[in-house]
$ cat target.cif   # mmCIF, C-alpha atoms
data_start
#
loop_
_atom_site.label_atom_id
_atom_site.label_comp_id
_atom_site.auth_asym_id
_atom_site.auth_seq_id
_atom_site.Cartn_x
_atom_site.Cartn_y
_atom_site.Cartn_z
CA MET A 59 16.29 -39.63 7.62
CA ALA A 60 12.54 -39.64 7.13
CA ARG A 61 11.38 -38.37 3.79
CA ARG A 62 10.02 -34.86 4.02
CA THR A 63 6.31 -34.60 3.32
CA PRO A 64 5.14 -32.40 0.46
CA LEU A 65 3.52 -29.00 0.72
CA THR A 66 0.03 -28.87 -0.79
CA PHE A 67 -0.95 -25.65 -2.52
CA TYR A 68 -4.75 -25.44 -2.84
CA PHE A 69 -5.60 -22.83 -5.45
CA ASP A 70 -8.15 -21.47 -7.89
CA PHE A 71 -7.10 -19.35 -10.87
CA ILE A 72 -9.73 -16.75 -10.02
CA SER A 73 -7.63 -15.62 -7.04
CA PRO A 74 -4.99 -12.98 -7.78
CA TYR A 75 -3.59 -13.71 -4.30
CA ALA A 76 -2.99 -17.29 -5.43
CA TYR A 77 -1.24 -15.93 -8.55
CA LEU A 78 1.04 -13.83 -6.35
CA ALA A 79 1.65 -16.67 -3.91
CA PHE A 80 2.41 -19.46 -6.39
CA PRO A 81 6.03 -18.59 -7.33
CA GLU A 82 6.78 -17.61 -3.72
CA VAL A 83 5.59 -20.97 -2.45
CA LEU A 84 7.53 -22.70 -5.22
CA ARG A 85 10.73 -20.94 -4.10
CA LEU A 86 9.95 -21.77 -0.48
CA CYS A 87 9.61 -25.47 -1.31
CA GLU A 88 12.90 -25.41 -3.19
CA ALA A 89 14.64 -23.75 -0.26
CA HIS A 90 13.24 -26.27 2.21
CA GLU A 91 13.55 -29.30 -0.10
CA ARG A 92 9.84 -29.99 -0.02
CA GLU A 93 7.84 -31.24 -2.95
CA LEU A 94 5.19 -28.73 -4.04
CA VAL A 95 1.87 -30.31 -4.98
CA PRO A 96 -0.49 -27.77 -6.57
CA VAL A 97 -4.07 -28.96 -6.04
CA PRO A 98 -6.88 -27.17 -7.89
CA VAL A 99 -10.03 -26.45 -5.90
CA VAL A 100 -13.23 -24.54 -6.63
CA PHE A 101 -13.19 -21.38 -4.55
CA GLY A 102 -16.91 -20.77 -5.15
CA ALA A 103 -17.78 -24.23 -3.82
CA MET A 104 -15.63 -23.57 -0.75
CA LEU A 105 -17.51 -20.30 -0.14
CA SER A 106 -20.86 -22.04 -0.62
CA HIS A 107 -19.84 -24.73 1.87
CA HIS A 108 -19.14 -22.08 4.51
CA GLY A 109 -22.07 -19.84 3.51
CA HIS A 110 -19.46 -17.17 2.90
CA LEU A 111 -18.93 -14.43 0.33
CA GLY A 112 -15.79 -13.97 -1.74
CA PRO A 113 -14.04 -10.59 -2.01
CA ALA A 114 -15.55 -10.07 -5.47
CA GLU A 115 -19.08 -10.50 -4.13
CA ILE A 116 -19.14 -7.36 -1.99
CA PRO A 117 -18.95 -4.32 -4.30
CA SER A 118 -16.75 -2.14 -2.05
CA LYS A 119 -14.50 -5.10 -1.23
CA ARG A 120 -14.15 -5.98 -4.91
CA VAL A 121 -12.76 -2.50 -5.65
CA TYR A 122 -10.51 -2.59 -2.58
CA THR A 123 -9.22 -6.05 -3.48
CA PHE A 124 -8.17 -4.85 -6.92
CA LYS A 125 -6.20 -2.01 -5.31
CA HIS A 126 -4.78 -4.30 -2.65
CA VAL A 127 -3.43 -6.86 -5.11
CA LEU A 128 -2.02 -4.08 -7.29
CA ARG A 129 -0.14 -2.77 -4.25
CA LEU A 130 1.07 -6.26 -3.30
CA ALA A 131 2.17 -6.92 -6.90
CA HIS A 132 4.04 -3.61 -6.91
CA ASP A 133 5.74 -4.51 -3.61
CA ARG A 134 6.96 -7.72 -5.27
CA GLY A 135 7.88 -6.25 -8.65
CA ARG A 136 5.29 -8.53 -10.24
CA ALA A 137 3.10 -7.80 -13.25
CA LEU A 138 -0.64 -7.75 -12.57
CA ILE A 139 -3.12 -6.92 -15.30
CA PRO A 140 -6.92 -7.06 -15.24
CA PRO A 141 -8.36 -10.23 -16.77
CA ALA A 142 -11.15 -9.92 -19.37
CA GLY A 143 -13.66 -10.38 -16.58
CA HIS A 144 -13.73 -11.30 -12.92
CA PRO A 145 -14.87 -13.52 -11.37
CA PHE A 146 -14.66 -15.86 -14.35
CA ASN A 147 -15.36 -19.55 -14.84
CA SER A 148 -12.11 -21.33 -14.03
CA LEU A 149 -13.48 -24.89 -14.05
CA LEU A 150 -11.92 -26.12 -17.28
CA ALA A 151 -8.54 -24.63 -16.39
CA LEU A 152 -8.67 -26.28 -12.96
CA ARG A 153 -9.74 -29.63 -14.41
CA MET A 154 -6.98 -29.59 -17.02
CA CYS A 155 -4.42 -29.07 -14.24
CA LEU A 156 -5.92 -31.91 -12.25
CA ALA A 157 -5.88 -34.11 -15.36
CA GLU A 158 -2.11 -33.66 -15.52
CA SER A 159 -0.98 -36.27 -13.00
CA ASP A 160 2.76 -35.68 -13.40
CA ILE A 161 3.38 -33.16 -10.64
CA GLU A 162 6.37 -31.49 -12.30
CA GLU A 163 4.35 -30.97 -15.46
CA ARG A 164 1.35 -29.80 -13.45
CA ILE A 165 3.49 -27.17 -11.75
CA ARG A 166 4.54 -25.85 -15.16
CA LEU A 167 0.95 -25.82 -16.41
CA VAL A 168 -0.33 -24.05 -13.30
CA GLY A 169 2.39 -21.41 -13.63
CA LYS A 170 1.62 -20.98 -17.32
CA ILE A 171 -2.13 -20.48 -16.75
CA PHE A 172 -1.59 -18.14 -13.76
CA THR A 173 0.72 -15.95 -15.85
CA ALA A 174 -1.66 -15.98 -18.81
CA THR A 175 -4.54 -14.97 -16.52
CA TRP A 176 -2.98 -12.27 -14.37
CA GLY A 177 0.48 -11.49 -15.70
CA LEU A 178 0.02 -10.89 -19.41
CA ASP A 179 -2.55 -8.91 -21.33
CA GLY A 180 -5.20 -10.77 -23.17
CA ALA A 181 -5.44 -14.50 -22.59
CA ASP A 182 -9.01 -15.58 -21.93
CA VAL A 183 -8.52 -18.71 -19.87
CA THR A 184 -12.23 -19.46 -19.88
CA GLU A 185 -11.79 -20.35 -23.58
CA PRO A 186 -11.01 -24.06 -24.18
CA SER A 187 -8.87 -23.37 -27.26
CA VAL A 188 -6.76 -20.87 -25.30
CA LEU A 189 -6.14 -23.43 -22.54
CA GLU A 190 -5.29 -26.11 -25.09
CA HIS A 191 -2.82 -23.73 -26.70
CA LEU A 192 -1.21 -22.76 -23.38
CA ALA A 193 -0.68 -26.44 -22.50
CA SER A 194 0.73 -27.19 -25.93
CA GLU A 195 3.10 -24.19 -25.70
CA ILE A 196 4.90 -25.85 -22.79
CA GLY A 197 5.09 -29.20 -24.57
CA LEU A 198 2.05 -30.89 -23.01
CA ASP A 199 -0.68 -32.64 -24.97
CA GLY A 200 -3.24 -29.84 -24.84
CA PRO A 201 -6.06 -31.59 -26.77
CA ASN A 202 -5.69 -34.70 -24.63
CA LEU A 203 -5.75 -32.71 -21.35
CA ARG A 204 -8.83 -30.88 -22.58
CA THR A 205 -10.59 -34.17 -23.34
CA LEU A 206 -9.59 -35.67 -20.01
CA ALA A 207 -10.76 -32.52 -18.24
CA THR A 208 -14.32 -33.03 -19.42
CA SER A 209 -14.49 -36.64 -18.20
CA PRO A 210 -16.74 -37.51 -15.25
CA GLY A 211 -13.68 -38.84 -13.38
CA ILE A 212 -11.88 -35.48 -13.41
CA LYS A 213 -15.05 -33.53 -12.68
CA SER A 214 -15.60 -35.68 -9.63
CA ALA A 215 -11.91 -35.46 -8.67
CA LEU A 216 -12.19 -31.65 -8.54
CA ARG A 217 -15.13 -31.92 -6.17
CA ASP A 218 -13.02 -34.30 -4.08
CA THR A 219 -10.01 -31.96 -3.87
CA THR A 220 -12.32 -29.13 -2.81
CA ALA A 221 -13.82 -31.32 -0.08
CA GLU A 222 -10.31 -32.42 0.96
CA ALA A 223 -9.18 -28.78 1.28
CA ILE A 224 -12.25 -27.93 3.38
CA ALA A 225 -11.58 -30.98 5.57
CA ALA A 226 -8.01 -29.72 6.05
CA GLY A 227 -9.48 -26.45 7.40
CA ALA A 228 -9.43 -24.32 4.25
CA PHE A 229 -11.93 -21.47 3.86
CA GLY A 230 -10.18 -19.58 1.07
CA VAL A 231 -7.44 -19.66 -1.55
CA PRO A 232 -4.55 -19.96 -1.68
CA SER A 233 -4.32 -22.40 1.23
CA MET A 234 -1.06 -24.15 1.92
CA VAL A 235 -0.91 -27.30 4.02
CA VAL A 236 2.35 -28.78 5.23
CA ASP A 237 2.99 -31.23 8.07
CA GLY A 238 -0.68 -30.93 9.01
CA GLU A 239 -0.57 -27.14 9.42
CA LEU A 240 -2.75 -24.91 7.27
CA PHE A 241 -1.73 -21.44 6.13
CA TRP A 242 -3.87 -19.03 4.16
CA GLY A 243 -3.02 -16.23 1.77
CA VAL A 244 0.07 -14.74 0.19
CA ASP A 245 0.91 -12.85 3.39
CA SER A 246 1.42 -16.17 5.20
CA VAL A 247 4.45 -17.17 3.09
CA PRO A 248 6.97 -15.75 5.62
CA HIS A 249 5.08 -17.60 8.36
CA ILE A 250 5.34 -20.90 6.45
CA ASP A 251 9.04 -20.24 6.02
CA ARG A 252 9.42 -19.80 9.78
CA PHE A 253 7.26 -22.88 10.43
CA LEU A 254 9.47 -24.99 8.16
CA GLN A 255 12.49 -23.72 10.09
CA GLY A 256 10.84 -25.08 13.26
CA ARG A 257 10.34 -21.60 14.67
CA ASP A 258 6.57 -21.14 14.45
CA PRO A 259 5.61 -19.16 17.57
CA ILE A 260 2.30 -21.01 18.01
CA ASP A 261 2.35 -22.80 21.29
CA GLN A 262 0.04 -25.83 21.52
CA ALA A 263 -1.01 -25.13 25.11
CA ALA A 264 -1.83 -21.51 24.25
CA MET A 265 -3.82 -22.61 21.19
CA GLU A 266 -5.87 -24.97 23.30
CA ARG A 267 -6.69 -22.08 25.61
CA TRP A 268 -7.67 -19.92 22.63
CA GLN A 269 -9.83 -22.64 21.11
CA GLN A 270 -11.71 -23.07 24.35
CA ILE A 271 -12.85 -19.48 24.75
CA PRO A 272 -16.60 -19.33 24.29
CA MET A 273 -18.48 -17.33 21.67
CA LEU A 274 -20.35 -14.82 23.82
CA VAL A 275 -22.44 -13.30 21.07
CA GLN A 276 -23.79 -14.73 17.87
CA ARG A 277 -25.39 -12.82 15.04
CA LYS A 278 -28.33 -14.19 13.17
CA ARG A 279 -26.77 -15.74 10.06
CA PRO A 280 -27.47 -13.58 7.02
CA MET B 119 -0.05 25.59 3.42
CA ALA B 120 -3.37 23.82 3.55
CA ARG B 121 -4.13 22.07 6.79
CA ARG B 122 -3.61 18.35 6.57
CA THR B 123 -6.79 16.35 6.89
CA PRO B 124 -7.07 13.79 9.70
CA LEU B 125 -6.85 10.02 9.36
CA THR B 126 -9.99 8.21 10.50
CA PHE B 127 -9.51 4.87 12.22
CA TYR B 128 -12.75 2.86 12.14
CA PHE B 129 -12.54 0.10 14.71
CA ASP B 130 -14.36 -2.36 16.90
CA PHE B 131 -12.75 -3.81 20.04
CA ILE B 132 -13.73 -7.32 18.98
CA SER B 133 -11.04 -7.25 16.26
CA PRO B 134 -7.55 -8.34 17.36
CA TYR B 135 -6.33 -6.94 14.03
CA ALA B 136 -7.62 -3.53 15.12
CA TYR B 137 -5.78 -3.97 18.44
CA LEU B 138 -2.55 -4.67 16.54
CA ALA B 139 -3.12 -1.83 14.09
CA PHE B 140 -4.03 0.91 16.57
CA PRO B 141 -0.55 1.85 17.90
CA GLU B 142 0.94 1.44 14.43
CA VAL B 143 -1.57 3.86 12.94
CA LEU B 144 -0.98 6.23 15.86
CA ARG B 145 2.78 6.23 15.12
CA LEU B 146 2.08 6.69 11.42
CA CYS B 147 -0.07 9.75 12.11
CA GLU B 148 2.63 11.23 14.32
CA ALA B 149 5.26 10.66 11.62
CA HIS B 150 3.09 12.29 8.95
CA GLU B 151 1.69 15.02 11.19
CA ARG B 152 -1.88 13.88 10.73
CA GLU B 153 -4.52 13.96 13.40
CA LEU B 154 -5.78 10.47 14.27
CA VAL B 155 -9.53 10.24 14.82
CA PRO B 156 -10.55 6.85 16.22
CA VAL B 157 -14.17 6.22 15.29
CA PRO B 158 -15.98 3.26 16.89
CA VAL B 159 -18.16 1.18 14.60
CA VAL B 160 -20.15 -2.04 15.05
CA PHE B 161 -18.38 -4.75 13.06
CA GLY B 162 -21.40 -7.08 13.28
CA ALA B 163 -23.66 -4.41 11.78
CA MET B 164 -21.15 -3.90 8.97
CA LEU B 165 -21.19 -7.64 8.25
CA SER B 166 -24.99 -7.71 8.34
CA HIS B 167 -25.11 -4.80 5.90
CA HIS B 168 -22.97 -6.74 3.41
CA GLY B 169 -24.59 -10.12 4.17
CA HIS B 170 -21.10 -11.25 5.12
CA LEU B 171 -19.60 -13.48 7.81
CA GLY B 172 -16.84 -12.44 10.19
CA PRO B 173 -13.73 -14.59 10.74
CA ALA B 174 -15.16 -15.85 14.03
CA GLU B 175 -18.32 -17.10 12.31
CA ILE B 176 -16.65 -19.86 10.26
CA PRO B 177 -15.28 -22.49 12.67
CA SER B 178 -12.09 -23.30 10.73
CA LYS B 179 -11.45 -19.61 10.07
CA ARG B 180 -11.95 -18.77 13.74
CA VAL B 181 -9.16 -21.18 14.70
CA TYR B 182 -6.92 -19.95 11.88
CA THR B 183 -7.52 -16.32 12.82
CA PHE B 184 -6.39 -16.98 16.40
CA LYS B 185 -3.15 -18.50 15.07
CA HIS B 186 -2.74 -15.73 12.51
CA VAL B 187 -3.02 -12.91 15.01
CA LEU B 188 -0.70 -14.74 17.42
CA ARG B 189 1.89 -14.92 14.61
CA LEU B 190 1.37 -11.25 13.72
CA ALA B 191 1.66 -10.24 17.39
CA HIS B 192 4.86 -12.26 17.68
CA ASP B 193 6.28 -10.58 14.53
CA ARG B 194 5.64 -7.23 16.22
CA GLY B 195 6.78 -8.17 19.72
CA ARG B 196 3.28 -7.42 20.99
CA ALA B 197 1.39 -9.19 23.76
CA LEU B 198 -1.77 -10.99 22.71
CA ILE B 199 -3.82 -12.98 25.16
CA PRO B 200 -7.22 -14.65 24.71
CA PRO B 201 -10.15 -12.58 26.01
CA ALA B 202 -12.69 -14.25 28.30
CA GLY B 203 -14.83 -14.97 25.26
CA HIS B 204 -14.94 -14.08 21.60
CA PRO B 205 -16.83 -12.64 19.87
CA PHE B 206 -18.07 -10.56 22.77
CA ASN B 207 -20.49 -7.66 23.11
CA SER B 208 -18.40 -4.53 22.60
CA LEU B 209 -21.29 -2.07 22.37
CA LEU B 210 -20.86 -0.31 25.71
CA ALA B 211 -17.09 0.00 25.21
CA LEU B 212 -17.64 1.49 21.75
CA ARG B 213 -20.32 3.88 22.99
CA MET B 214 -18.17 5.10 25.87
CA CYS B 215 -15.40 5.92 23.39
CA LEU B 216 -17.84 7.76 21.18
CA ALA B 217 -19.17 9.63 24.22
CA GLU B 218 -15.68 11.02 24.77
CA SER B 219 -15.68 13.92 22.34
CA ASP B 220 -12.18 15.18 23.13
CA ILE B 221 -10.14 13.33 20.52
CA GLU B 222 -6.91 13.23 22.54
CA GLU B 223 -8.78 11.73 25.47
CA ARG B 224 -10.63 9.33 23.20
CA ILE B 225 -7.31 8.08 21.79
CA ARG B 226 -6.12 7.33 25.32
CA LEU B 227 -9.37 5.57 26.20
CA VAL B 228 -9.33 3.47 23.03
CA GLY B 229 -5.74 2.44 23.71
CA LYS B 230 -6.59 1.60 27.30
CA ILE B 231 -9.56 -0.60 26.35
CA PHE B 232 -7.67 -2.33 23.51
CA THR B 233 -4.83 -3.21 25.88
CA ALA B 234 -7.23 -4.40 28.58
CA THR B 235 -9.02 -6.59 26.04
CA TRP B 236 -6.14 -8.16 24.14
CA GLY B 237 -2.89 -7.27 25.81
CA LEU B 238 -3.40 -8.08 29.49
CA ASP B 239 -4.89 -11.09 31.17
CA GLY B 240 -8.28 -10.79 32.68
CA ALA B 241 -10.21 -7.60 31.98
CA ASP B 242 -13.78 -8.33 30.92
CA VAL B 243 -14.63 -5.29 28.85
CA THR B 244 -18.23 -6.40 28.45
CA GLU B 245 -18.65 -5.51 32.13
CA PRO B 246 -19.80 -1.88 32.72
CA SER B 247 -17.92 -1.54 36.02
CA VAL B 248 -14.69 -2.69 34.34
CA LEU B 249 -15.08 -0.07 31.62
CA GLU B 250 -15.89 2.63 34.16
CA HIS B 251 -12.76 1.67 36.09
CA LEU B 252 -10.54 1.67 32.98
CA ALA B 253 -11.75 5.17 32.07
CA SER B 254 -11.22 6.40 35.59
CA GLU B 255 -7.72 4.91 35.70
CA ILE B 256 -6.61 7.31 32.96
CA GLY B 257 -8.24 10.29 34.65
CA LEU B 258 -11.52 10.37 32.74
CA ASP B 259 -14.95 10.58 34.34
CA GLY B 260 -15.84 6.89 34.03
CA PRO B 261 -19.33 7.04 35.59
CA ASN B 262 -20.27 10.01 33.42
CA LEU B 263 -19.04 8.31 30.22
CA ARG B 264 -20.97 5.21 31.16
CA THR B 265 -24.15 7.24 31.64
CA LEU B 266 -23.66 9.14 28.40
CA ALA B 267 -22.99 5.84 26.61
CA THR B 268 -26.47 4.58 27.40
CA SER B 269 -28.20 7.72 26.08
CA PRO B 270 -30.27 7.50 22.88
CA GLY B 271 -28.03 10.15 21.30
CA ILE B 272 -24.87 8.06 21.63
CA LYS B 273 -26.64 4.85 20.60
CA SER B 274 -27.82 6.55 17.47
CA ALA B 275 -24.39 8.13 16.91
CA LEU B 276 -22.80 4.65 16.85
CA ARG B 277 -25.26 3.56 14.18
CA ASP B 278 -24.32 6.71 12.25
CA THR B 279 -20.56 6.09 12.44
CA THR B 280 -21.11 2.52 11.21
CA ALA B 281 -23.18 3.81 8.29
CA GLU B 282 -20.53 6.47 7.59
CA ALA B 283 -17.79 3.81 7.48
CA ILE B 284 -19.84 1.67 5.10
CA ALA B 285 -20.49 4.72 2.92
CA ALA B 286 -16.71 5.32 2.84
CA GLY B 287 -16.30 1.78 1.45
CA ALA B 288 -15.56 -0.15 4.63
CA PHE B 289 -16.45 -3.85 4.83
CA GLY B 290 -14.30 -4.76 7.83
CA VAL B 291 -12.23 -3.45 10.73
CA PRO B 292 -9.86 -1.82 11.16
CA SER B 293 -10.52 0.51 8.22
CA MET B 294 -8.42 3.61 7.82
CA VAL B 295 -9.57 6.52 5.66
CA VAL B 296 -7.29 9.41 4.77
CA ASP B 297 -7.60 11.92 1.94
CA GLY B 298 -10.57 9.95 0.62
CA GLU B 299 -8.63 6.67 0.33
CA LEU B 300 -9.71 3.62 2.31
CA PHE B 301 -7.28 1.02 3.65
CA TRP B 302 -8.21 -2.18 5.44
CA GLY B 303 -6.38 -4.29 7.97
CA VAL B 304 -3.14 -4.16 9.90
CA ASP B 305 -1.18 -5.34 6.87
CA SER B 306 -2.13 -2.14 5.04
CA VAL B 307 -0.19 0.12 7.42
CA PRO B 308 2.96 0.15 5.21
CA HIS B 309 0.73 0.94 2.23
CA ILE B 310 -0.81 3.91 4.07
CA ASP B 311 2.69 5.09 4.89
CA ARG B 312 3.63 4.97 1.20
CA PHE B 313 0.33 6.67 0.26
CA LEU B 314 1.04 9.52 2.68
CA GLN B 315 4.48 9.90 1.10
CA GLY B 316 2.72 10.40 -2.25
CA ARG B 317 4.08 7.12 -3.60
CA ASP B 318 0.98 4.93 -3.76
CA PRO B 319 1.39 2.83 -6.91
CA ILE B 320 -2.33 2.88 -7.74
CA ASP B 321 -2.79 4.56 -11.05
CA GLN B 322 -6.20 6.15 -11.60
CA ALA B 323 -6.42 5.11 -15.26
CA ALA B 324 -5.52 1.52 -14.40
CA MET B 325 -8.08 1.47 -11.59
CA GLU B 326 -10.80 2.63 -13.97
CA ARG B 327 -9.90 -0.25 -16.29
CA TRP B 328 -10.05 -2.71 -13.36
CA GLN B 329 -13.37 -1.37 -12.13
CA GLN B 330 -14.88 -1.79 -15.58
CA ILE B 331 -14.13 -5.49 -15.99
CA PRO B 332 -17.38 -7.43 -15.93
CA MET B 333 -18.35 -10.12 -13.46
CA LEU B 334 -18.56 -13.17 -15.74
CA VAL B 335 -19.95 -15.58 -13.17
CA GLN B 336 -22.17 -15.03 -10.18
CA ARG B 337 -22.93 -17.56 -7.48
CA LYS B 338 -26.34 -17.80 -5.98
CA ARG B 339 -26.06 -15.79 -2.77
CA PRO B 340 -25.92 -18.12 0.23
#
$ encode --input "target.cif" --output "structure tokens"
Amino acid sequence: MARRTPLTFYFDFISPYAYLAFPEVLRLCEAHERELVPVPVVFGAMLSHHGHLGPAEIPSKRVYTFKHVLRLAHDRGRALIPPAGHPFNSLLALRMCLAESDIEERIRLVGKIFTATWGLDGADVTEPSVLEHLASEIGLDGPNLRTLATSPGIKSALRDTTAEAIAAGAFGVPSMVVDGELFWGVDSVPHIDRFLQGRDPIDQAAMERWQQIPMLVQRKRP
Amino acid sequence: MARRTPLTFYFDFISPYAYLAFPEVLRLCEAHERELVPVPVVFGAMLSHHGHLGPAEIPSKRVYTFKHVLRLAHDRGRALIPPAGHPFNSLLALRMCLAESDIEERIRLVGKIFTATWGLDGADVTEPSVLEHLASEIGLDGPNLRTLATSPGIKSALRDTTAEAIAAGAFGVPSMVVDGELFWGVDSVPHIDRFLQGRDPIDQAAMERWQQIPMLVQRKRP
């Protein structure tokens, strides 16, 4: 039997949707015997690439998004608390995760930082010493990861993962890619489940028809 | 007992999410004995107001959105076929709906145009004669609605409804407003249901805490 390909989870800690999705995608991968590979990306850079705005950049959408994720967290029985600020600078946290090349360990670190950010009161994950401490708490070499994270190699690797996600069709986070198919957002988890069961209702011929329909109006880009 | 306030459904025919949401919101209103008031708005003008891009304006998101709505339609056992082009100019269709001041009749017209656009093969709802015919098919005075729709009063009224939706906090379509609370998207229908049952989990004190958290980073606007 051919080895099953992994599922890539493109994420940024600034997304509460990614926080909600992470354990669900982890469970999904376990159920389908797929390796989960969490890949940090810079959501802001993704938005800049597309000339797009994030939910936090439109005042009314920022307020709505807070309510929306609170409702989704409630639906799932998950904790969700406001971080010290939002959006915040997640670069060091993302780079530390990328610096951890052992995927099992990276999964634990990603889970730890997501929970510290959105699930527990107080941790300021923009603070290097906090990140070092979180890594050390789960038995990783926090100071070493922090040092690695500031190296040019890791900085450039984070730009590369962001470019790779965009090339795979990503325009937001979380984005999940498996067997060449991209899914976006926590609400897509049941659709990924169905896809992995071989029951995705997308029909290739229909999609080709959809992709060929012309854009009949175009706004002036803002 | 105080009269229950209506639920306002802000929509644009160019949104397949609005097409999916419309009958669900209609059923919700029936179940909760609320009047449904469908209010046409111009999605493009809403985007321009916020300096935002629609899903069809980012190539990879356009493709994903087509797949996403096909999956959502399949989940709901609803037909969804590609329109002749997308995005398309929905202005006349929106204005004709606004010109119909009888709300019961407007609901029927909105449903008719949504189905013609997204649920049946072939109708080009950018074509005035098609719209006139659709209105006439359900017993309305199609030619009269078409004439009214081109009047300065209705043109200005459509700008006003769009401004009203934005003032209510809308940044996309469909947006549903009931008892002062705004909900966005077809996925919010179960949350509106819970809200109308008095079980919305949003806690005012918590929301005030969330709204007060500072934005710690800001991108240069694209």
$ residues_near_point --input "target.cif" --point "(-23.9, 2.5, 9.3)" --cutoff "9 Å" --atoms "only C-alpha atoms" --output "PyMOL selection string"
chain B and resi 159-160+163-164+167+276-285
$ resolve_selection --input "target.cif" --expression "the PyMOL selection byres ((chain A) within 8 of (chain B))" --output "JSON, numbers by chain"
{"A": [102, 106, 108, 109, 110, 111, 116, 118, 119, 121, 122, 124, 125, 128, 129, 132, 140, 141, 142, 143, 144, 145, 146, 147, 227, 228, 229, 240, 241, 249, 258, 259, 260, 265, 267, 268, 269, 271, 272, 273, 274, 275, 276, 277, 279, 280]}
$ residues_around --input "target.cif" --residues "Tyr135 in chain B" --least-positions-apart "5" --cutoff "7 Å" --atoms "only C-alpha atoms" --output "list in words"
Val187, Pro292, Gly303 and Val304 of chain B
$ closest_residue --input "target.cif" --among "A:Ala263, A:Arg252, A:Phe172, A:Ser187" --to "Leu138 in chain A" --atoms "all atoms listed in the file"
A:Phe172
$ atom_distance --input "target.cif" --atom1 "CA of Glu255 in chain B" --atom2 "CA of Pro134 in chain B"
22.6 Å
$ atom_distance --input "target.cif" --atom1 "CA of Ile225 in chain B" --atom2 "CA of Glu245 in chain B"
20.5 Å
$ resolve_selection --input "target.cif" --expression "the PyMOL selection byres ((chain B and resi 155) around 12)" --output "JSON, numbers by chain"
{"B": [123, 124, 125, 126, 127, 128, 129, 140, 143, 144, 147, 152, 153, 154, 156, 157, 158, 215, 216, 218, 219, 220, 221, 222, 223, 224, 225, 226, 228, 293, 294, 295, 296]}
$ atom_distance --input "target.cif" --atom1 "CA of Gly197 in chain A" --atom2 "CA of Ala174 in chain A"
15.9 Å
$ residues_around --input "target.cif" --residues "Pro246 in chain B" --least-positions-apart "5" --cutoff "9 Å" --atoms "only C-alpha atoms" --output "PyMOL selection string"
chain B and resi 210-211+251+264
$ resolve_selection --input "target.cif" --expression "the PyMOL selection byres ((chain A and resi 171) around 10)" --output "ChimeraX atom specification"
/A:71,77,151-152,155,166-170,172-177,181-183,188-189,192-193
$ closest_residue --input "target.cif" --among "B:Met214, B:Asp311, B:Val291, B:Asp297" --to "Ser269 in chain B" --atoms "all atoms listed in the file"
B:Met214
$ closest_residue --input "target.cif" --among "B:His150, B:Arg122, B:Lys273, B:Arg145" --to "Phe313 in chain B" --atoms "all atoms listed in the file"
B:His150
